[in-house]
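Shown next: run-v1.pdb, containing PDB, C-alpha atoms and all ligand atoms.
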ATOM      1  CA  MET N   1      99.769 138.759 128.647
ATOM      2  CA  LYS N   2      98.009 139.518 125.447
ATOM      3  CA  LYS N   3      94.304 139.111 125.240
ATOM      4  CA  LEU N   4      92.348 137.842 122.307
ATOM      5  CA  ALA N   5      90.511 140.867 121.014
ATOM      6  CA  LEU N   6      88.590 139.726 118.008
ATOM      7  CA  ILE N   7      87.051 143.057 117.192
ATOM      8  CA  LEU N   8      90.386 144.818 117.086
ATOM      9  CA  LEU N   9      91.860 142.049 115.021
ATOM     10  CA  LEU N  10      89.210 142.164 112.361
ATOM     11  CA  GLY N  11      89.786 145.837 111.859
ATOM     12  CA  SER N  12      93.390 145.350 111.030
ATOM     13  CA  MET N  13      93.995 142.126 109.171
ATOM     14  CA  MET N  14      94.248 140.762 105.725
ATOM     15  CA  THR N  15      97.159 141.298 103.461
ATOM     16  CA  PHE N  16     100.536 142.439 104.605
ATOM     17  CA  SER N  17     103.118 143.897 102.348
ATOM     18  CA  CYS N  18     106.688 144.401 103.286
ATOM     19  CA  THR N  19     108.774 147.228 101.996
ATOM     20  CA  ARG N  20     112.277 148.406 102.382
ATOM     21  CA  LYS N  21     113.575 151.878 102.640
ATOM     22  CA  ASP N  22     116.407 152.525 100.288
ATOM     23  CA  ASN N  23     117.105 156.131  99.538
ATOM     24  CA  GLN N  24     115.581 157.398 102.769
ATOM     25  CA  ILE N  25     118.482 155.941 104.685
ATOM     26  CA  VAL N  26     120.932 158.149 102.864
ATOM     27  CA  GLU N  27     119.415 161.224 104.471
ATOM     28  CA  ARG N  28     120.520 160.178 107.930
ATOM     29  CA  THR N  29     123.872 158.746 106.902
ATOM     30  CA  PRO N  30     126.737 161.180 107.521
ATOM     31  CA  ALA N  31     128.838 160.022 104.584
ATOM     32  CA  PRO N  32     126.732 159.664 101.403
ATOM     33  CA  GLU N  33     129.349 157.486  99.774
ATOM     34  CA  VAL N  34     128.815 154.795 102.406
ATOM     35  CA  ALA N  35     126.846 151.841 101.091
ATOM     36  CA  VAL N  36     123.150 152.338 101.720
ATOM     37  CA  ALA N  37     121.691 149.858 104.171
ATOM     38  CA  LYS N  38     118.337 148.388 103.284
ATOM     39  CA  GLU N  39     115.611 148.043 105.846
ATOM     40  CA  ARG N  40     112.482 145.979 105.910
ATOM     41  CA  ARG N  41     109.165 147.573 106.693
ATOM     42  CA  CYS N  42     105.472 146.969 106.020
ATOM     43  CA  ALA N  43     102.696 148.952 104.345
ATOM     44  CA  ALA N  44     100.158 146.576 105.863
ATOM     45  CA  TYR N  45      97.433 148.978 106.730
ATOM     46  CA  GLU N  46      96.977 150.488 103.289
ATOM     47  CA  VAL N  47      96.754 147.102 101.638
ATOM     48  CA  LEU N  48      94.417 145.830 104.320
ATOM     49  CA  GLN N  49      91.958 148.627 103.728
ATOM     50  CA  GLN N  50      91.957 147.908 100.007
ATOM     51  CA  GLN N  51      91.183 144.240 100.622
ATOM     52  CA  LEU N  52      88.386 144.916 103.096
ATOM     53  CA  MET N  53      86.747 147.469 100.811
ATOM     54  CA  ALA N  54      86.982 145.115  97.842
ATOM     55  CA  ASP N  55      85.482 142.140  99.693
ATOM     56  CA  PRO N  56      83.045 142.942 102.533
ATOM     57  CA  SER N  57      82.511 139.221 103.219
ATOM     58  CA  LEU N  58      86.135 138.831 104.251
ATOM     59  CA  VAL N  59      85.526 140.051 107.793
ATOM     60  CA  GLY N  60      83.094 137.231 108.479
ATOM     61  CA  ARG N  61      85.364 134.549 107.052
ATOM     62  CA  MET N  62      88.285 135.724 109.117
ATOM     63  CA  ALA N  63      86.140 135.994 112.241
ATOM     64  CA  LYS N  64      85.306 132.303 112.021
ATOM     65  CA  ILE N  65      88.972 131.370 111.705
ATOM     66  CA  GLU N  66      89.879 133.629 114.603
ATOM     67  CA  LYS N  67      87.146 132.134 116.780
ATOM     68  CA  LEU N  68      88.523 128.647 116.115
ATOM     69  CA  THR N  69      92.049 129.835 116.891
ATOM     70  CA  ALA N  70      90.928 131.391 120.172
ATOM     71  CA  ASP N  71      89.093 128.183 121.100
ATOM     72  CA  VAL N  72      92.224 126.112 120.436
ATOM     73  CA  GLN N  73      94.335 128.450 122.571
ATOM     74  CA  LYS N  74      92.130 127.967 125.624
ATOM     75  CA  ASN N  75      90.715 124.467 125.159
ATOM     76  CA  LYS N  76      93.056 121.567 125.889
ATOM     77  CA  ALA N  77      90.835 119.073 124.060
ATOM     78  CA  LEU N  78      91.011 121.082 120.850
ATOM     79  CA  TYR N  79      94.705 121.739 121.354
ATOM     80  CA  ARG N  80      95.388 118.011 121.264
ATOM     81  CA  LEU N  81      93.894 117.874 117.764
ATOM     82  CA  LEU N  82      96.647 120.066 116.316
ATOM     83  CA  PRO N  83      98.602 118.266 113.560
ATOM     84  CA  ASP N  84     101.962 118.607 115.281
ATOM     85  CA  GLY N  85     104.792 117.245 113.143
ATOM     86  CA  THR N  86     102.626 115.850 110.376
ATOM     87  CA  ILE N  87     102.236 118.740 107.969
ATOM     88  CA  GLU N  88     104.075 118.826 104.652
ATOM     89  CA  ILE N  89     103.186 121.760 102.453
ATOM     90  CA  PRO N  90     103.638 121.345  98.684
ATOM     91  CA  VAL N  91     105.049 124.519  97.157
ATOM     92  CA  VAL N  92     104.733 125.830  93.613
ATOM     93  CA  VAL N  93     107.078 128.680  92.771
ATOM     94  CA  ASN N  94     105.821 131.014  90.038
ATOM     95  CA  ILE N  95     108.646 133.071  88.527
ATOM     96  CA  LEU N  96     107.902 136.213  86.512
ATOM     97  CA  TYR N  97     111.049 137.556  84.920
ATOM     98  CA  LYS N  98     112.004 140.429  82.663
ATOM     99  CA  THR N  99     115.760 140.014  82.951
ATOM    100  CA  THR N 100     117.842 136.866  82.888
ATOM    101  CA  ALA N 101     118.825 137.493  86.504
ATOM    102  CA  GLN N 102     115.188 137.595  87.585
ATOM    103  CA  ASN N 103     114.661 134.124  86.123
ATOM    104  CA  VAL N 104     116.152 132.605  89.258
ATOM    105  CA  SER N 105     117.716 129.163  89.096
ATOM    106  CA  LEU N 106     116.245 125.940  90.374
ATOM    107  CA  ALA N 107     119.105 125.863  92.881
ATOM    108  CA  GLN N 108     117.973 129.235  94.232
ATOM    109  CA  VAL N 109     114.387 128.015  94.448
ATOM    110  CA  GLN N 110     115.510 124.933  96.351
ATOM    111  CA  SER N 111     117.632 127.084  98.664
ATOM    112  CA  GLN N 112     114.444 128.903  99.667
ATOM    113  CA  ILE N 113     112.631 125.648 100.377
ATOM    114  CA  ASP N 114     115.613 124.514 102.447
ATOM    115  CA  ALA N 115     115.617 127.792 104.389
ATOM    116  CA  LEU N 116     111.913 127.449 105.155
ATOM    117  CA  ASN N 117     112.400 123.904 106.428
ATOM    118  CA  ALA N 118     115.316 125.000 108.585
ATOM    119  CA  ASP N 119     113.609 128.047 110.060
ATOM    120  CA  TYR N 120     110.346 126.262 110.804
ATOM    121  CA  ASN N 121     112.086 123.290 112.444
ATOM    122  CA  THR N 122     115.294 124.471 114.105
ATOM    123  CA  LEU N 123     115.869 125.832 117.596
ATOM    124  CA  TYR N 124     118.515 128.462 116.894
ATOM    125  CA  PRO N 125     120.446 130.125 119.734
ATOM    126  CA  VAL N 126     118.556 133.016 121.323
ATOM    127  CA  PRO N 127     119.034 135.053 124.525
ATOM    128  CA  ALA N 128     118.337 132.966 127.653
ATOM    129  CA  LEU N 129     115.205 135.006 128.354
ATOM    130  CA  PHE N 130     113.540 133.503 125.273
ATOM    131  CA  ASP N 131     115.194 130.089 125.307
ATOM    132  CA  THR N 132     112.194 128.115 126.551
ATOM    133  CA  LEU N 133     109.781 129.901 124.229
ATOM    134  CA  ARG N 134     111.363 128.625 121.007
ATOM    135  CA  ALA N 135     109.222 126.317 118.891
ATOM    136  CA  SER N 136     109.997 123.762 116.234
ATOM    137  CA  THR N 137     106.743 123.982 114.310
ATOM    138  CA  GLY N 138     106.799 120.573 112.660
ATOM    139  CA  ILE N 139     105.712 122.235 109.413
ATOM    140  CA  HIS N 140     107.682 121.065 106.396
ATOM    141  CA  PHE N 141     107.825 122.316 102.824
ATOM    142  CA  ALA N 142     108.394 120.359  99.604
ATOM    143  CA  LEU N 143     108.953 121.818  96.143
ATOM    144  CA  LYS N 144     106.253 120.534  93.805
ATOM    145  CA  SER N 145     107.035 122.493  90.655
ATOM    146  CA  VAL N 146     108.336 125.729  89.175
ATOM    147  CA  VAL N 147     106.369 127.809  86.660
ATOM    148  CA  ARG N 148     108.288 130.384  84.631
ATOM    149  CA  LYS N 149     106.899 133.224  82.533
ATOM    150  CA  SER N 150     108.608 136.075  80.740
ATOM    151  CA  THR N 151     107.146 139.531  81.238
ATOM    152  CA  THR N 152     107.741 143.054  79.959
ATOM    153  CA  LYS N 153     106.820 144.544  83.322
ATOM    154  CA  THR N 154     109.640 146.309  85.137
ATOM    155  CA  SER N 155     107.730 146.614  88.382
ATOM    156  CA  TRP N 156     104.752 145.101  90.167
ATOM    157  CA  SER N 157     102.465 146.601  92.790
ATOM    158  CA  THR N 158     100.594 144.865  95.602
ATOM    159  CA  ASN N 159      97.383 144.704  93.532
ATOM    160  CA  ASP N 160      97.930 140.973  92.845
ATOM    161  CA  ALA N 161      98.426 141.402  89.080
ATOM    162  CA  MET N 162     101.216 138.831  89.269
ATOM    163  CA  LYS N 163      98.595 136.230  90.206
ATOM    164  CA  LYS N 164      96.284 136.926  87.266
ATOM    165  CA  THR N 165      96.870 135.629  83.754
ATOM    166  CA  ALA N 166      94.809 138.437  82.224
ATOM    167  CA  GLN N 167      97.147 140.962  83.849
ATOM    168  CA  GLY N 168     100.321 139.275  82.710
ATOM    169  CA  GLY N 169     100.768 137.104  85.762
ATOM    170  CA  ILE N 170     100.561 133.416  86.594
ATOM    171  CA  ALA N 171      97.372 132.008  88.130
ATOM    172  CA  PRO N 172      97.931 129.984  91.325
ATOM    173  CA  THR N 173      98.110 126.205  91.193
ATOM    174  CA  THR N 174      95.376 124.551  93.336
ATOM    175  CA  PRO N 175      95.766 127.048  96.211
ATOM    176  CA  ASP N 176      93.586 124.999  98.574
ATOM    177  CA  SER N 177      96.331 122.378  98.780
ATOM    178  CA  VAL N 178      99.458 124.123  97.439
ATOM    179  CA  LEU N 179     101.396 127.095  98.760
ATOM    180  CA  ASN N 180     101.988 129.361  95.787
ATOM    181  CA  ILE N 181     104.996 131.665  95.910
ATOM    182  CA  TRP N 182     105.409 134.311  93.222
ATOM    183  CA  VAL N 183     108.943 135.565  92.604
ATOM    184  CA  VAL N 184     108.980 138.918  90.816
ATOM    185  CA  GLY N 185     111.407 141.680  89.882
ATOM    186  CA  ALA N 186     111.100 145.120  91.386
ATOM    187  CA  MET N 187     107.907 146.050  93.192
ATOM    188  CA  THR N 188     106.607 149.589  93.483
ATOM    189  CA  GLY N 189     107.459 151.492  96.621
ATOM    190  CA  GLY N 190     110.368 149.209  97.393
ATOM    191  CA  VAL N 191     108.055 146.358  98.407
ATOM    192  CA  ILE N 192     109.984 143.128  98.894
ATOM    193  CA  GLY N 193     107.126 140.800  99.745
ATOM    194  CA  TYR N 194     103.564 140.364 100.916
ATOM    195  CA  ALA N 195     101.211 137.609 101.945
ATOM    196  CA  GLN N 196      97.543 136.771 102.089
ATOM    197  CA  PHE N 197      95.981 135.522 105.314
ATOM    198  CA  PRO N 198      93.739 132.465 105.682
ATOM    199  CA  GLY N 199      90.213 133.457 104.706
ATOM    200  CA  GLY N 200      91.164 135.458 101.625
ATOM    201  CA  SER N 201      90.243 134.699  98.024
ATOM    202  CA  ALA N 202      91.678 131.456  96.624
ATOM    203  CA  ALA N 203      92.462 133.244  93.354
ATOM    204  CA  THR N 204      95.055 135.431  95.083
ATOM    205  CA  ASP N 205      96.219 133.094  97.829
ATOM    206  CA  GLY N 206      99.929 132.750  98.530
ATOM    207  CA  VAL N 207     102.948 134.983  99.030
ATOM    208  CA  VAL N 208     104.963 137.260  96.761
ATOM    209  CA  ILE N 209     108.698 137.867  97.128
ATOM    210  CA  ALA N 210     111.159 140.027  95.227
ATOM    211  CA  TYR N 211     113.803 138.012  93.384
ATOM    212  CA  ASP N 212     116.681 139.631  95.320
ATOM    213  CA  CYS N 213     115.153 138.682  98.689
ATOM    214  CA  PHE N 214     114.372 135.075  97.722
ATOM    215  CA  GLY N 215     116.444 132.055  98.704
ATOM    216  CA  THR N 216     120.015 132.073  99.948
ATOM    217  CA  VAL N 217     122.079 131.861  96.745
ATOM    218  CA  GLY N 218     122.099 133.444  93.284
ATOM    219  CA  THR N 219     120.384 136.854  93.273
ATOM    220  CA  ALA N 220     119.608 136.862  97.014
ATOM    221  CA  THR N 221     121.146 140.052  98.365
ATOM    222  CA  SER N 222     122.191 141.048 101.879
ATOM    223  CA  PRO N 223     120.605 141.804 104.311
ATOM    224  CA  PHE N 224     117.764 139.675 102.936
ATOM    225  CA  ASN N 225     119.762 136.719 101.649
ATOM    226  CA  LEU N 226     118.903 134.032 104.203
ATOM    227  CA  GLY N 227     115.425 133.292 102.918
ATOM    228  CA  ARG N 228     113.649 134.894 105.856
ATOM    229  CA  THR N 229     111.438 137.197 103.831
ATOM    230  CA  ALA N 230     109.643 133.976 102.902
ATOM    231  CA  THR N 231     109.786 132.679 106.481
ATOM    232  CA  HIS N 232     108.060 135.875 107.599
ATOM    233  CA  GLU N 233     105.519 135.966 104.764
ATOM    234  CA  VAL N 234     104.588 132.310 105.171
ATOM    235  CA  GLY N 235     104.033 133.170 108.836
ATOM    236  CA  HIS N 236     101.349 135.624 107.707
ATOM    237  CA  TRP N 237      99.985 133.005 105.321
ATOM    238  CA  LEU N 238      99.583 130.798 108.412
ATOM    239  CA  ASN N 239      97.755 133.575 110.274
ATOM    240  CA  LEU N 240     100.586 135.179 112.264
ATOM    241  CA  ARG N 241     100.529 138.898 112.805
ATOM    242  CA  HIS N 242     103.455 141.234 113.169
ATOM    243  CA  ILE N 243     104.878 141.010 116.658
ATOM    244  CA  TRP N 244     104.098 144.683 117.331
ATOM    245  CA  GLY N 245     100.471 144.135 116.334
ATOM    246  CA  ASP N 246     100.657 146.827 113.642
ATOM    247  CA  ALA N 247      99.987 149.447 116.288
ATOM    248  CA  THR N 248     101.907 151.089 119.106
ATOM    249  CA  CYS N 249     102.171 148.340 121.738
ATOM    250  CA  GLY N 250      99.554 146.406 119.745
ATOM    251  CA  THR N 251      98.740 142.726 120.132
ATOM    252  CA  ASP N 252      99.686 139.854 117.846
ATOM    253  CA  TYR N 253      97.092 137.613 119.550
ATOM    254  CA  VAL N 254      99.830 135.367 120.907
ATOM    255  CA  ASP N 255     100.317 134.970 124.661
ATOM    256  CA  ASP N 256     104.052 134.347 124.885
ATOM    257  CA  THR N 257     105.427 137.217 122.809
ATOM    258  CA  PRO N 258     106.257 140.553 124.481
ATOM    259  CA  PHE N 259     104.610 143.824 123.566
ATOM    260  CA  HIS N 260     106.674 145.887 121.150
ATOM    261  CA  ASN N 261     106.428 149.611 120.645
ATOM    262  CA  ALA N 262     106.715 149.223 116.889
ATOM    263  CA  ALA N 263     108.662 147.376 114.221
ATOM    264  CA  ASN N 264     112.404 146.954 114.741
ATOM    265  CA  PHE N 265     114.845 147.285 111.863
ATOM    266  CA  GLY N 266     118.365 146.162 111.154
ATOM    267  CA  CYS N 267     120.038 144.298 114.014
ATOM    268  CA  PRO N 268     119.018 145.801 117.398
ATOM    269  CA  THR N 269     121.409 145.482 120.311
ATOM    270  CA  TYR N 270     120.116 143.113 123.001
ATOM    271  CA  PRO N 271     118.348 143.839 125.297
ATOM    272  CA  HIS N 272     116.053 146.300 123.575
ATOM    273  CA  LEU N 273     113.477 147.426 126.123
ATOM    274  CA  SER N 274     109.914 148.231 125.177
ATOM    275  CA  THR N 275     108.230 151.254 126.731
ATOM    276  CA  CYS N 276     104.904 149.414 126.584
ATOM    277  CA  SER N 277     103.212 148.323 129.807
ATOM    278  CA  GLY N 278     105.687 146.388 131.966
ATOM    279  CA  THR N 279     108.627 147.522 129.813
ATOM    280  CA  PRO N 280     109.351 144.001 128.526
ATOM    281  CA  VAL N 281     112.469 143.116 126.587
ATOM    282  CA  GLU N 282     111.399 143.081 122.954
ATOM    283  CA  MET N 283     111.828 139.845 121.002
ATOM    284  CA  THR N 284     113.531 141.557 118.088
ATOM    285  CA  MET N 285     114.795 138.248 116.719
ATOM    286  CA  ASN N 286     111.282 136.925 116.123
ATOM    287  CA  TYR N 287     110.537 136.132 112.480
ATOM    288  CA  MET N 288     107.481 138.381 112.672
ATOM    289  CA  ASP N 289     109.480 141.507 113.479
ATOM    290  CA  TYR N 290     111.214 143.467 110.686
ATOM    291  CA  THR N 291     114.824 142.918 111.535
ATOM    292  CA  ASP N 292     117.403 141.753 108.996
ATOM    293  CA  ASP N 293     117.528 138.103 107.949
ATOM    294  CA  GLY N 294     120.709 137.476 109.912
ATOM    295  CA  CYS N 295     119.153 138.748 113.139
ATOM    296  CA  MET N 296     115.996 136.624 113.094
ATOM    297  CA  ALA N 297     115.918 133.320 114.951
ATOM    298  CA  LEU N 298     112.578 132.099 116.293
ATOM    299  CA  PHE N 299     108.877 131.494 116.300
ATOM    300  CA  THR N 300     107.418 131.019 119.785
ATOM    301  CA  LYS N 301     105.277 128.149 121.027
ATOM    302  CA  GLY N 302     102.287 130.484 121.024
ATOM    303  CA  GLN N 303     102.925 131.361 117.403
ATOM    304  CA  LYS N 304     103.206 127.674 116.595
ATOM    305  CA  THR N 305      99.783 127.004 118.128
ATOM    306  CA  ARG N 306      98.308 129.831 116.094
ATOM    307  CA  MET N 307      99.808 128.470 112.879
ATOM    308  CA  LEU N 308      98.802 124.849 113.522
ATOM    309  CA  ALA N 309      95.230 125.909 114.275
ATOM    310  CA  THR N 310      94.860 126.921 110.635
ATOM    311  CA  PHE N 311      95.127 123.263 109.629
ATOM    312  CA  LEU N 312      92.028 122.218 111.607
ATOM    313  CA  ALA N 313      88.654 122.011 109.861
ATOM    314  CA  GLY N 314      87.522 125.613 109.436
ATOM    315  CA  GLY N 315      90.988 127.001 110.066
ATOM    316  CA  GLY N 316      91.559 128.174 106.522
ATOM    317  CA  ARG N 317      94.409 125.762 105.689
ATOM    318  CA  ASN N 318      92.649 122.469 106.310
ATOM    319  CA  GLY N 319      93.349 121.441 102.706
ATOM    320  CA  PHE N 320      96.994 120.931 103.704
ATOM    321  CA  ALA N 321      96.206 118.459 106.507
ATOM    322  CA  HIS N 322      96.255 114.905 105.221
TER     323      HIS N 322
HETATM  324 ZN    ZN N 401     104.838 141.206 107.356
END
Take the structure in the file and write it out as structure tokens.
Ligand SMILES: [Zn+2]
Amino acid sequence: MKKLALILLLGSMMTFSCTRKDNQIVERTPAPEVAVAKERRCAAYEVLQQQLMADPSLVGRMAKIEKLTADVQKNKALYRLLPDGTIEIPVVVNILYKTTAQNVSLAQVQSQIDALNADYNTLYPVPALFDTLRASTGIHFALKSVVRKSTTKTSWSTNDAMKKTAQGGIAPTTPDSVLNIWVVGAMTGGVIGYAQFPGGSAATDGVVIAYDCFGTVGTATSPFNLGRTATHEVGHWLNLRHIWGDATCGTDYVDDTPFHNAANFGCPTYPHLSTCSGTPVEMTMNYMDYTDDGCMALFTKGQKTRMLATFLAGGGRNGFAH
């Protein structure tokens, strides 16, 4: 079982960014003419260090949220206060486009909202080993509005420029009570999305997703065309960590997820055994791993508790609890 290790956590949290490897895959593909598979991966640590250096007070803010989360996990009285089934999150989608294709349609935006609602509230089939761990989170999403802005930028980095008017971006709409999603064209380094954790600056709060990994129709492109880049990033926004804990056999501060050696890519064959202590079967289909959209299927009950704790007073997302 994973233990709550606050000190370790604070050294390795803040903003996660997710990247895909494109050309690298060619090098290990025997036939270069074969279509290049895209993989998801994260550059979390580099971005985290930038955030912590830029804002020394962040550690303290996140420590308070983590203390509350730990208290909820072990205190039945607090646990009963969780807003199970009563959360509806208004969403504003901010679209920055250079090309016509990047100016994604309202139908594509709605397809992403639909995918979020499905993933956060459906018990999809999983291997029997994980069957009883599946959670319907009771968290719902509703499209509030779409903001569109033309840009001359061909690529964006993870420096949050897309969230700042002065840098050509779109400022977030009331981030204390609205989930802001920025949809952008290409991002440097093959980044396809990143998120900010509870406790971060309101001015940069929300998640960013590349236009070809957003929604389930239009420009959404396989293997990231089921809307699960957003499912994963919103998980971070609600304080979930990667299932491998961003370290070899690291912890995600959730009790009912197995230890993973590292991130998994593509569609691993089940069962994929960890070499971590106890050699557990890895939960490669968890939304917080890095498998392809079509191979993801669940949040656990422990992850649900962690997410719902953010909605309590002092949890970082209390502005969404009504
Ligand atoms: Zn991530």
Top pick for closest residue to N:Leu58, considering N:Asn286, N:Lys74, N:Phe197, N:His260 and counting all atoms listed in the file |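 Of all the options, N:Phe197 lies closest to N:Leu58.
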Separation of atom CA of N:Ser201 from atom CA of N:Ser57 in Å |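 If I compute the distance from atom CA of N:Ser57 to atom CA of N:Ser201, I get 10.4 Å.
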Residues within 6 Å of (102.2, 145.6, 93.1), file coords, only C-alpha atoms, listed as a PyMOL selection string | chain N and resi 156-159+187-188
Which residues come within 12 Å of N:Glu282, counting only C-alpha atoms, excluding same-chain residues fewer than 3 positions away, as a ChimeraX atom specification?
-> /N:127,129-130,243-244,249,256-264,268-279,285-286,288-289,291
Kindly indicate which residue among N:Gly185, N:Gly227, N:Gly250, N:Gly266 lies nearest to N:Asn103, using only C-alpha atoms for the distances.
-> N:Gly185
For ligand ZN 401 (chain N), which residue among N:Gly294, N:Gly169, N:Pro83, N:Gly245 is the nearest when counting all atoms listed in the file?
-> N:Gly245
Decode the PyMOL selection byres (((chain N and resi 106) around 12) and not hetatm) for the given file into explicit residues and return them as number ranges by chain.
-> N: 92-95, 103-105, 107-113, 143-148, 214-218
Between N:His242, N:Asp114, N:Ala135, N:Gly199, which is the closest to N:Val59 once you count all atoms listed in the file?
->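 For N:Val59, the nearest of the given residues is N:Gly199.
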Name the closest residue to ligand ZN 401 (chain N) among the candidates N:Lys67, N:His232, N:Lys164, N:Arg80; distances are taken between atoms, counting all atoms listed in the file.
-> N:His232
Compare N:Thr219, N:Thr251, N:Ser150, N:Thr229 by their minimum atom-to-atom distance to N:Lys98, counting all atoms listed in the file, and give me the closest one.
-> N:Ser150
Exercise: N:Gly315 partners within 9 Å, only C-alpha atoms, chain neighbours under 2 positions left out, as a PyMOL selection string = chain N and resi 64-66+68-69+198-199+308-313+317-318
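For the atom pair formed by atom CA of N:Ala202 and atom CA of N:Leu179, the distance is 10.9 Å, given to one decimal.
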Would you mind reading off the distance between atom CA of N:Ala77 and atom CA of N:Met62, one decimal, in Å?
->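 Between atom CA of N:Ala77 and atom CA of N:Met62 the gap is 22.5 Å.
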Would you list the contacts of N:Thr152 as a count of residues only, taking every protein, DNA or RNA residue within 10 Å and counting only C-alpha atoms, but skipping same-chain residues closer than 6 positions in sequence?
-> 5
Mind telling me what the PyMOL selection byres (((chain N and resi 119) around 12) and not hetatm) catches here, as a ChimeraX atom specification?
-> /N:112-118,120-124,134-141,226-232,234-235,286-287,293-294,296-300
What do you get, as a PyMOL selection string, if you spell out every residue that the PyMOL selection byres (((chain N and resi 163) around 9) and not hetatm) selects here?
-> chain N and resi 94+160-162+164-165+167-172+182+203-205
